[in-house]
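Student: One structure follows; several queries about it will come next.
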Amino acid sequence: MYYLTTEHSFDSAHFLFGYEGKCRNIHGHRWRVVVTIKKEALEQMGQLRGMIVDFSDLKRDVKEMVDFHDHSLIYEEGSLKEKTLEALKEENFHMICVPFRPTAENFSKYFFDWLVDKGYSVRTVEVYETPNNCATYGE
């Protein structure tokens, strides 16, 4: 099996709705996303001969994914009052609503699925919330 790995990072804020602890408050992270794709055999013909995929394409797609989330407030659907949402939107903040609690564990699966939808054969996605703590989703 062959593997390619690339990583990018982004900064964003989130909070854990319904959590009893300090992470229930809005706080930020420099999220580091490490993606590993896999393939049984290398391409045998054409431009990609001897490769799994074009590294430039993989890097571009992972960067696009993380750039979308950069400098945003990521929040769980139903976790903010309508008045709060209206006020934040009125200020033109970049906000991303997700249908899950925005934990590193959930982000790892979310990014995994996003890359699979882009056509990649993904082995793992690691999401680091801090330099020493990460969650991994994979096959």
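Within each chain, counting starts at residue 1; across the structure tokens, chains are named A, B, ... in the order shown, with ligands numbered 1 upward in that order.
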Can you pull out every residue within 12 Å of segment 121-128 of chain A, counting only C-alpha atoms, but drop anything in the same chain fewer than 3 positions away, and send it as a PyMOL selection string?

Tutor: chain A and resi 1-11+29-40+52-53+58+62+66+102-118+131-139

Student: Chain A: which residues are strand (DSSP E or B) by DSSP, as a ChimeraX atom specification?

Tutor: /A:2-14,27-39,72-76,95-98,122-130,133-138

Student: Include C-alpha atoms and write out the residues we just selected as a PDB file, in the first residue's frame.

Tutor:
ATOM      1  CA  TYR A   2       1.241   3.498  -0.854  1.00  0.00           C
ATOM      2  CA  TYR A   3       0.485   6.551   1.275  1.00  0.00           C
ATOM      3  CA  LEU A   4       0.737  10.314   0.795  1.00  0.00           C
ATOM      4  CA  THR A   5       0.465  12.720   3.715  1.00  0.00           C
ATOM      5  CA  THR A   6      -0.018  16.468   3.749  1.00  0.00           C
ATOM      6  CA  GLU A   7      -1.072  18.938   6.379  1.00  0.00           C
ATOM      7  CA  HIS A   8      -2.443  22.427   6.755  1.00  0.00           C
ATOM      8  CA  SER A   9      -3.733  24.420   9.683  1.00  0.00           C
ATOM      9  CA  PHE A  10      -6.346  27.032  10.437  1.00  0.00           C
ATOM     10  CA  ASP A  11      -7.391  29.249  13.302  1.00  0.00           C
ATOM     11  CA  SER A  12     -10.959  29.332  14.507  1.00  0.00           C
ATOM     12  CA  ALA A  13     -13.133  29.687  17.556  1.00  0.00           C
ATOM     13  CA  HIS A  14     -15.691  27.244  18.886  1.00  0.00           C
ATOM     14  CA  HIS A  27     -12.261  29.874  22.729  1.00  0.00           C
ATOM     15  CA  GLY A  28      -9.879  29.464  19.836  1.00  0.00           C
ATOM     16  CA  HIS A  29      -7.429  26.936  18.477  1.00  0.00           C
ATOM     17  CA  ARG A  30      -4.823  26.644  15.789  1.00  0.00           C
ATOM     18  CA  TRP A  31      -6.229  23.440  14.339  1.00  0.00           C
ATOM     19  CA  ARG A  32      -3.678  21.270  12.524  1.00  0.00           C
ATOM     20  CA  VAL A  33      -5.162  18.862   9.973  1.00  0.00           C
ATOM     21  CA  VAL A  34      -2.994  15.948   8.787  1.00  0.00           C
ATOM     22  CA  VAL A  35      -4.411  13.972   5.860  1.00  0.00           C
ATOM     23  CA  THR A  36      -3.093  10.618   4.641  1.00  0.00           C
ATOM     24  CA  ILE A  37      -4.445   9.083   1.457  1.00  0.00           C
ATOM     25  CA  LYS A  38      -3.757   5.575   0.196  1.00  0.00           C
ATOM     26  CA  LYS A  39      -3.606   3.524  -2.964  1.00  0.00           C
ATOM     27  CA  SER A  72     -14.371  31.649  11.761  1.00  0.00           C
ATOM     28  CA  LEU A  73     -16.677  30.876  14.642  1.00  0.00           C
ATOM     29  CA  ILE A  74     -17.717  27.255  14.247  1.00  0.00           C
ATOM     30  CA  TYR A  75     -20.837  26.430  16.189  1.00  0.00           C
ATOM     31  CA  GLU A  76     -23.209  23.515  16.587  1.00  0.00           C
ATOM     32  CA  MET A  95     -19.610  31.790  11.052  1.00  0.00           C
ATOM     33  CA  ILE A  96     -19.960  28.141  10.174  1.00  0.00           C
ATOM     34  CA  CYS A  97     -22.845  26.095  11.505  1.00  0.00           C
ATOM     35  CA  VAL A  98     -22.207  22.346  11.731  1.00  0.00           C
ATOM     36  CA  VAL A 122      -8.450   8.471   2.541  1.00  0.00           C
ATOM     37  CA  ARG A 123      -6.575   6.417   5.093  1.00  0.00           C
ATOM     38  CA  THR A 124      -6.724   8.816   8.042  1.00  0.00           C
ATOM     39  CA  VAL A 125      -7.427  12.393   9.015  1.00  0.00           C
ATOM     40  CA  GLU A 126      -5.808  13.654  12.197  1.00  0.00           C
ATOM     41  CA  VAL A 127      -7.057  16.869  13.782  1.00  0.00           C
ATOM     42  CA  TYR A 128      -4.812  18.483  16.381  1.00  0.00           C
ATOM     43  CA  GLU A 129      -6.572  20.819  18.773  1.00  0.00           C
ATOM     44  CA  THR A 130      -3.255  21.580  20.476  1.00  0.00           C
ATOM     45  CA  ASN A 133      -3.638  16.434  21.487  1.00  0.00           C
ATOM     46  CA  CYS A 134      -5.211  15.003  18.404  1.00  0.00           C
ATOM     47  CA  ALA A 135      -8.156  12.923  17.252  1.00  0.00           C
ATOM     48  CA  THR A 136      -7.913  10.539  14.291  1.00  0.00           C
ATOM     49  CA  TYR A 137     -10.593   9.121  12.028  1.00  0.00           C
ATOM     50  CA  GLY A 138      -9.794   6.469   9.465  1.00  0.00           C
TER      51      GLY A 138
END

Student: Quick one: pick out all alpha helix (DSSP H) residues within segment 10-133 of chain A from a backbone DSSP run and write them as a ChimeraX atom specification.

Tutor: /A:55-69,82-90,104-117

Student: Give me, please, the distance in Å between atom CA of Ala87 of chain A and atom CA of Met65 of chain A, quoted to one decimal.

Tutor: 26.6 Å

Student: Quick one: distance from atom CA of Leu16 of chain A to atom CA of Phe100 of chain A in Å, one decimal?

Tutor: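 One can read the atom CA of Leu16 of chain A to atom CA of Phe100 of chain A distance as 10.0 Å.
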
Student: Mind pulling up the distance from atom CA of Phe68 of chain A to atom CA of Lys83 of chain A?

Tutor: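 Taking atom CA of Lys83 of chain A and atom CA of Phe68 of chain A, their separation equals 24.9 Å.
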